[in-house]
>>> print(open('entry_3.txt').read())   # compact mmCIF, C-alpha atoms and all ligand atoms
# COMPACT_ATOMS: atom_id res chain seq x y z
CA MET A 211 0.00 0.00 0.00
CA ILE A 212 1.17 3.49 -0.81
CA LYS A 213 2.87 5.34 2.04
CA LEU A 214 2.78 9.10 2.49
CA PRO A 215 5.29 10.89 4.72
CA ASN A 216 4.18 11.44 8.34
CA ILE A 217 5.25 15.07 8.28
CA VAL A 218 5.37 17.64 5.49
CA ARG A 219 7.33 20.80 6.03
CA VAL A 220 5.82 23.95 4.47
CA GLY A 221 7.72 27.13 5.25
CA GLY A 222 8.55 26.94 8.94
CA PHE A 223 5.66 24.62 9.75
CA ASP A 224 5.67 20.86 10.15
CA LEU A 225 2.28 19.59 9.04
CA LYS A 226 1.20 16.23 10.35
CA VAL A 227 -0.15 13.93 7.64
CA TYR A 228 -3.06 11.60 8.40
CA PHE A 229 -3.29 8.83 5.85
CA PRO A 230 -5.26 6.72 5.25
CA TYR A 231 -7.77 8.99 6.94
CA ASN A 232 -11.42 8.11 7.16
CA PHE A 233 -13.68 11.14 6.95
CA ASP A 234 -16.79 10.08 8.77
CA ASP A 235 -19.09 12.62 7.24
CA MET A 236 -19.08 11.78 3.61
CA ASN A 237 -20.80 15.01 2.68
CA MET A 238 -17.24 15.76 1.64
CA GLY A 239 -18.47 14.17 -1.54
CA GLU A 240 -16.53 12.29 -4.13
CA LYS A 241 -14.46 15.24 -5.25
CA ASP A 242 -12.92 16.35 -1.98
CA LEU A 243 -10.85 13.57 -0.59
CA GLY A 244 -8.58 15.60 1.60
CA LEU A 245 -8.41 18.44 4.05
CA PHE A 246 -5.84 20.97 5.21
CA GLU A 247 -6.44 22.19 8.74
CA PRO A 248 -4.30 25.31 9.20
CA SER A 249 -5.01 25.87 12.87
CA ALA A 250 -4.15 22.29 13.80
CA LEU A 251 -1.34 21.98 11.21
CA LYS A 252 -2.83 18.81 9.81
CA ILE A 253 -3.29 17.34 6.36
CA LYS A 254 -5.79 14.53 6.03
CA VAL A 255 -6.10 12.31 2.98
CA GLN A 256 -8.92 9.81 2.52
CA GLY A 257 -7.66 6.29 1.84
CA TYR A 258 -10.74 4.28 0.87
CA ASP A 259 -13.89 4.97 -1.09
CA THR A 260 -17.36 4.43 0.39
CA GLY A 261 -17.22 0.81 -0.74
CA GLY A 262 -14.01 0.26 1.22
CA ILE A 263 -11.82 0.08 -1.89
CA LEU A 264 -8.43 1.78 -1.71
CA TYR A 265 -8.19 4.76 -4.04
CA PRO A 266 -5.66 4.51 -6.88
CA ASN A 267 -2.22 5.91 -6.06
CA SER A 268 -2.67 8.75 -8.55
CA ILE A 269 -5.83 9.95 -6.79
CA ILE A 270 -4.18 9.74 -3.38
CA LEU A 271 -1.04 11.58 -4.52
CA GLN A 272 -2.96 14.26 -6.36
CA THR A 273 -5.13 14.82 -3.28
CA PHE A 274 -2.01 15.03 -1.11
CA LEU A 275 -0.53 17.62 -3.49
CA HIS A 276 -3.82 19.55 -3.50
CA GLU A 277 -3.76 19.90 0.30
CA ILE A 278 -0.07 20.83 0.25
CA PHE A 279 -0.91 23.56 -2.28
CA HIS A 280 -3.52 24.98 0.11
CA ALA A 281 -0.76 25.15 2.72
CA ILE A 282 1.65 26.84 0.28
CA ASP A 283 -1.08 29.31 -0.63
CA LEU A 284 -1.72 30.17 3.01
CA ILE A 285 1.89 30.22 4.19
CA TYR A 286 3.65 31.73 1.16
CA CYS A 287 0.91 33.61 -0.70
CA TYR A 288 -1.14 35.03 2.18
CA ASP A 289 -4.02 32.83 1.01
CA LYS A 290 -4.35 34.99 -2.09
CA ILE A 291 -5.05 32.16 -4.51
CA ASN A 292 -8.02 31.00 -2.47
CA SER A 293 -9.19 34.54 -1.72
CA LEU A 294 -9.14 35.50 -5.39
CA ASP A 295 -11.26 32.44 -6.14
CA ASP A 296 -13.75 33.57 -3.48
CA THR A 297 -13.79 37.16 -4.73
CA PHE A 298 -14.37 36.10 -8.30
CA PHE A 299 -16.76 33.18 -7.91
CA GLY A 300 -18.31 33.88 -4.50
CA GLU A 301 -17.46 32.26 -1.18
CA ASP A 302 -19.90 29.39 -1.56
CA SER A 303 -18.70 28.33 -4.97
CA GLU A 304 -16.31 25.47 -5.51
CA GLU A 305 -12.64 26.26 -5.62
CA VAL A 306 -11.05 26.49 -9.05
CA SER A 307 -7.41 27.49 -8.93
CA ILE A 308 -5.93 25.08 -6.39
CA PRO A 309 -7.60 22.03 -8.01
CA SER A 310 -6.33 22.90 -11.48
CA LEU A 311 -2.87 23.84 -10.19
CA SER A 312 -2.54 20.56 -8.31
CA VAL A 313 -3.89 18.40 -11.14
CA GLY A 314 -1.49 20.12 -13.54
CA TRP A 315 1.51 19.99 -11.25
CA TYR A 316 0.81 16.33 -10.41
CA GLN A 317 1.18 15.45 -14.10
CA VAL A 318 4.31 17.59 -14.46
CA LEU A 319 6.00 15.99 -11.45
CA LYS A 320 5.02 12.52 -12.64
CA ASP A 321 6.34 12.97 -16.18
CA ASN A 322 9.55 14.93 -15.56
CA ASN A 323 12.70 15.16 -13.50
CA LEU A 324 12.72 18.81 -12.58
CA LEU A 325 14.65 18.82 -9.33
CA THR A 326 16.10 15.33 -9.09
CA LEU A 327 18.88 16.05 -11.60
CA LYS A 328 22.02 18.01 -10.85
CA THR A 329 21.43 20.05 -13.99
CA ILE A 330 18.54 21.98 -15.46
CA PRO A 331 16.60 19.59 -17.75
CA LYS A 332 16.44 20.34 -21.48
CA LYS A 333 12.74 19.67 -21.79
CA VAL A 334 9.61 19.58 -19.71
CA ARG A 335 6.32 17.95 -20.57
CA VAL A 336 3.19 19.83 -19.54
CA GLY A 337 -0.11 18.32 -20.65
CA ALA A 338 0.37 17.02 -24.18
CA TYR A 339 3.19 19.43 -24.99
CA THR A 340 6.91 19.23 -24.60
CA TYR A 341 8.56 22.56 -23.92
CA ASP A 342 12.22 23.22 -24.65
CA ILE A 343 14.07 24.75 -21.74
CA ILE A 344 16.67 27.17 -22.99
CA TYR A 345 19.21 27.78 -20.26
CA PRO A 346 21.34 29.79 -19.90
CA TYR A 347 19.64 32.32 -22.12
CA ASP A 348 21.58 35.56 -21.97
CA LYS A 349 21.03 37.03 -25.41
CA GLU A 350 20.30 40.71 -25.54
CA GLY A 351 18.60 42.72 -28.24
CA GLU A 352 15.22 42.13 -29.76
CA ASP A 353 14.66 38.99 -27.79
CA ALA A 354 15.84 40.33 -24.46
CA PHE A 355 13.51 40.14 -21.50
CA ASN A 356 13.66 41.68 -18.08
CA LEU A 357 12.36 38.76 -16.08
CA HIS A 358 14.71 36.00 -14.98
CA GLY A 359 12.69 33.47 -16.85
CA ILE A 360 9.86 33.46 -19.30
CA ALA A 361 7.45 30.92 -20.73
CA TYR A 362 6.51 31.42 -24.35
CA VAL A 363 3.53 30.15 -26.26
CA LYS A 364 5.90 28.64 -28.80
CA ASN A 365 6.74 25.84 -26.42
CA GLN A 366 9.88 27.38 -25.04
CA ILE A 367 10.96 28.31 -21.56
CA LYS A 368 13.88 30.69 -21.41
CA ILE A 369 15.88 31.20 -18.24
CA ARG A 370 18.66 33.66 -17.71
CA GLY A 371 21.98 32.48 -16.39
CA LEU A 372 23.27 35.92 -15.58
CA HIS A 373 21.75 38.64 -13.46
CA THR A 374 22.47 42.32 -14.10
CA HIS A 375 26.16 43.26 -14.07
CA GLY A 376 27.03 39.74 -15.17
CA LEU A 377 26.38 38.20 -11.75
CA LYS A 378 25.69 34.49 -11.98
CA TYR A 379 22.50 33.11 -10.47
CA ASP A 380 22.85 30.46 -7.82
CA PHE A 381 21.76 27.00 -9.08
CA GLN A 382 18.96 26.75 -6.51
CA ARG A 383 17.62 30.08 -7.69
CA ILE A 384 17.64 28.80 -11.27
CA GLN A 385 15.66 25.75 -10.18
CA GLN A 386 13.11 27.99 -8.48
CA ILE A 387 12.85 30.18 -11.58
CA LEU A 388 12.24 27.01 -13.58
CA LEU A 389 9.32 26.17 -11.26
CA TYR A 390 8.01 29.69 -11.74
CA CYS A 391 8.07 29.31 -15.54
CA VAL A 392 6.51 25.85 -15.42
CA THR A 393 3.76 27.21 -13.18
CA LEU A 394 2.93 29.74 -15.91
CA VAL A 395 2.73 26.92 -18.45
CA VAL A 396 0.59 24.80 -16.10
CA ILE A 397 -1.77 27.74 -15.74
CA ASP A 398 -2.01 27.98 -19.55
CA ASN A 399 -2.66 24.28 -19.95
CA TYR A 400 -4.91 23.45 -17.04
CA ALA A 401 -7.52 26.20 -16.95
CA CYS A 402 -6.40 27.78 -13.71
CA TRP A 403 -8.25 31.04 -13.85
CA ILE A 404 -5.90 33.07 -11.56
CA PRO A 405 -5.50 36.44 -13.28
CA ASP A 406 -2.03 37.54 -14.31
CA ASN A 407 -0.38 38.20 -11.03
CA ASP A 408 3.38 37.82 -11.03
CA ASP A 409 3.59 38.32 -7.26
CA ILE A 410 1.42 35.29 -6.60
CA PHE A 411 3.17 33.08 -9.17
CA SER A 412 6.53 34.11 -7.81
CA SER A 413 5.67 33.48 -4.14
CA PHE A 414 3.94 30.25 -5.09
CA SER A 415 7.05 29.02 -6.90
CA PHE A 416 9.29 29.88 -3.94
CA GLY A 417 6.94 27.86 -1.71
CA LEU A 418 6.69 25.02 -4.18
CA TYR A 419 10.48 24.84 -4.46
CA GLN A 420 10.95 24.61 -0.69
CA VAL A 421 8.20 22.01 -0.29
CA LEU A 422 9.31 19.80 -3.18
CA LYS A 423 12.93 19.84 -2.02
CA ASP A 424 12.45 19.45 1.73
CA ASN A 425 9.94 16.63 1.37
CA SER A 426 11.25 14.82 -1.75
CA ILE A 427 7.80 15.01 -3.32
CA GLU A 428 9.01 14.38 -6.87
CA LYS A 429 10.68 11.13 -5.73
CA LEU A 430 7.52 10.08 -3.91
CA ILE A 431 5.41 10.59 -7.02
CA HIS A 432 7.89 8.69 -9.20
CA LYS A 433 7.94 5.81 -6.73
CA TYR A 434 4.21 5.18 -7.12
CA LYS A 435 3.64 6.02 -10.77
ZN ZN B 501 -9.18 22.31 -1.84
>>> encode(input="entry_3.txt", output="structure tokens")
Amino acid sequence: MIKLPNIVRVGGFDLKVYFPYNFDDMNMGEKDLGLFEPSALKIKVQGYDTGGILYPNSIILQTFLHEIFHAIDLIYCYDKINSLDDTFFGEDSEEVSIPSLSVGWYQVLKDNNLLTLKTIPKKVRVGAYTYDIIYPYDKEGEDAFNLHGIAYVKNQIKIRGLHTHGLKYDFQRIQQILLYCVTLVVIDNYACWIPDNDDIFSSFSFGLYQVLKDNSIEKLIHKYK
């Protein structure tokens, strides 16, 4: 049976993971199989369906990622992703952005080696598309861009190697910028509605980077794919 870690570290917080958890009130419905409890620092993931059958690993892992993303949103993004959902769709409506982000990122982590290599990968698959990762990209002129990294519609992700004044980016920073760019592509592919908001995407990618690294999430997903 699939094993999830007992603790997940998000920012400075150690969240206790309860799995397989059995939600007794099943008004949670079929769609919500997990819960993040910020005040108790708990993540709960349902293990079995109402018929007592264990959920497939992909459902369990995607649910786990979904709850982790709620924690990243709260801890790194001041809950802005969720709040924007509420503002746009109304507080009683179903959430949109976290589900699509977590479904998209689950596929990306499953199909790629983004952080497990000692180098920046040359390609990343998001949805049905394979994007070329051009790194280091330090050309100036017509094609120059001010951001550290950029995701283009033409299936390219470009990441700078050099900061202003020729300073070299630290490798960890490059990895985080890669996650930022891939998040933009995930948003394009998976119908996350979040309006263009670089601050949110940036903070989200810092949080995602810390969480993926500290908890070896990519490895976990590869182990059970
Ligand atoms: Zn949720």
>>> atom_distance(input="entry_3.txt", atom1="CA of Asp289 (chain A)", atom2="CA of Leu271 (chain A)")
22.2 Å
>>> residues_near_ligand(input="entry_3.txt", ligand="ligand ZN 501 (chain B)", cutoff="8 Å", atoms="all atoms listed in the file", output="PyMOL selection string")
chain A and resi 242+244-246+276-277+280+305+308-309
>>> write_last_selection(input="entry_3.txt", atoms="C-alpha atoms", output="PDB file, keeping the file's coordinate frame")
ATOM      1  CA  ASP A 242     -12.920  16.350  -1.980  1.00  0.00           C
ATOM      2  CA  GLY A 244      -8.580  15.600   1.600  1.00  0.00           C
ATOM      3  CA  LEU A 245      -8.410  18.440   4.050  1.00  0.00           C
ATOM      4  CA  PHE A 246      -5.840  20.970   5.210  1.00  0.00           C
ATOM      5  CA  HIS A 276      -3.820  19.550  -3.500  1.00  0.00           C
ATOM      6  CA  GLU A 277      -3.760  19.900   0.300  1.00  0.00           C
ATOM      7  CA  HIS A 280      -3.520  24.980   0.110  1.00  0.00           C
ATOM      8  CA  GLU A 305     -12.640  26.260  -5.620  1.00  0.00           C
ATOM      9  CA  ILE A 308      -5.930  25.080  -6.390  1.00  0.00           C
ATOM     10  CA  PRO A 309      -7.600  22.030  -8.010  1.00  0.00           C
TER      11      PRO A 309
END
>>> closest_residue(input="entry_3.txt", among="A:Tyr345, A:Tyr258, A:Tyr362, A:Phe414", to="Phe233 (chain A)", atoms="only C-alpha atoms")
A:Tyr258
>>> closest_residue(input="entry_3.txt", among="A:Gln386, A:Ser268, A:Ser293, A:Gln317", to="Ile212 (chain A)", atoms="all atoms listed in the file")
A:Ser268
>>> closest_residue(input="entry_3.txt", among="A:Thr374, A:Thr340, A:Asn399, A:Thr326", to="Leu422 (chain A)", atoms="all atoms listed in the file")
A:Thr326
>>> closest_residue(input="entry_3.txt", among="A:His432, A:Lys290, A:Lys423, A:Arg335", to="Gln382 (chain A)", atoms="all atoms listed in the file")
A:Lys423
>>> atom_distance(input="entry_3.txt", atom1="CA of Tyr339 (chain A)", atom2="CA of Asp406 (chain A)")
21.7 Å
>>> atom_distance(input="entry_3.txt", atom1="CA of Met211 (chain A)", atom2="CA of Tyr265 (chain A)")
10.3 Å
>>> axis_aligned_box(input="entry_3.txt", around="region 283-287 of chain A", padding_each_side="5 Å", output="AutoDock Vina command-line options")
--center_x 1.0 --center_y 31.5 --center_z 1.7 --size_x 15.4 --size_y 14.3 --size_z 14.9
>>> residues_around(input="entry_3.txt", residues="region 427-430 of chain A", least_positions_apart="4", cutoff="9 Å", atoms="all atoms listed in the file", output="short mmCIF file (atom, residue, chain, number, x, y, z; two decimals) with C-alpha atoms, keeping the file's coordinate frame")
data_model
loop_
_atom_site.label_atom_id
_atom_site.label_comp_id
_atom_site.auth_asym_id
_atom_site.auth_seq_id
_atom_site.Cartn_x
_atom_site.Cartn_y
_atom_site.Cartn_z
CA LYS A 213 2.87 5.34 2.04
CA LEU A 214 2.78 9.10 2.49
CA PRO A 215 5.29 10.89 4.72
CA LEU A 271 -1.04 11.58 -4.52
CA LEU A 275 -0.53 17.62 -3.49
CA LEU A 319 6.00 15.99 -11.45
CA LYS A 320 5.02 12.52 -12.64
CA ASN A 322 9.55 14.93 -15.56
CA ASN A 323 12.70 15.16 -13.50
CA LEU A 324 12.72 18.81 -12.58
CA LEU A 325 14.65 18.82 -9.33
CA THR A 326 16.10 15.33 -9.09
CA VAL A 421 8.20 22.01 -0.29
CA LEU A 422 9.31 19.80 -3.18
CA LYS A 423 12.93 19.84 -2.02
CA TYR A 434 4.21 5.18 -7.12
CA LYS A 435 3.64 6.02 -10.77
#
>>> closest_residue(input="entry_3.txt", among="A:Ala250, A:Ile285, A:Leu243, A:Ala338", to="Val318 (chain A)", atoms="all atoms listed in the file")
A:Ala338
>>> closest_residue(input="entry_3.txt", among="A:Leu389, A:Ile410, A:Ile431, A:Leu418", to="Cys287 (chain A)", atoms="all atoms listed in the file")
A:Ile410
>>> residues_around(input="entry_3.txt", residues="Gly222 (chain A)", least_positions_apart="3", cutoff="12 Å", atoms="all atoms listed in the file", output="PyMOL selection string")
chain A and resi 218-219+225+251+281-282+285-286+417+420-421+424
>>> residues_around(input="entry_3.txt", residues="Asn365 (chain A)", least_positions_apart="3", cutoff="12 Å", atoms="all atoms listed in the file", output="PyMOL selection string")
chain A and resi 333-344+360-362+368+391-392+394-395+398-399
>>> write_last_selection(input="entry_3.txt", atoms="C-alpha atoms", output="compact mmCIF listing (two decimals), in the frame of the given file")
# COMPACT_ATOMS: atom_id res chain seq x y z
CA LYS A 333 12.74 19.67 -21.79
CA VAL A 334 9.61 19.58 -19.71
CA ARG A 335 6.32 17.95 -20.57
CA VAL A 336 3.19 19.83 -19.54
CA GLY A 337 -0.11 18.32 -20.65
CA ALA A 338 0.37 17.02 -24.18
CA TYR A 339 3.19 19.43 -24.99
CA THR A 340 6.91 19.23 -24.60
CA TYR A 341 8.56 22.56 -23.92
CA ASP A 342 12.22 23.22 -24.65
CA ILE A 343 14.07 24.75 -21.74
CA ILE A 344 16.67 27.17 -22.99
CA ILE A 360 9.86 33.46 -19.30
CA ALA A 361 7.45 30.92 -20.73
CA TYR A 362 6.51 31.42 -24.35
CA LYS A 368 13.88 30.69 -21.41
CA CYS A 391 8.07 29.31 -15.54
CA VAL A 392 6.51 25.85 -15.42
CA LEU A 394 2.93 29.74 -15.91
CA VAL A 395 2.73 26.92 -18.45
CA ASP A 398 -2.01 27.98 -19.55
CA ASN A 399 -2.66 24.28 -19.95
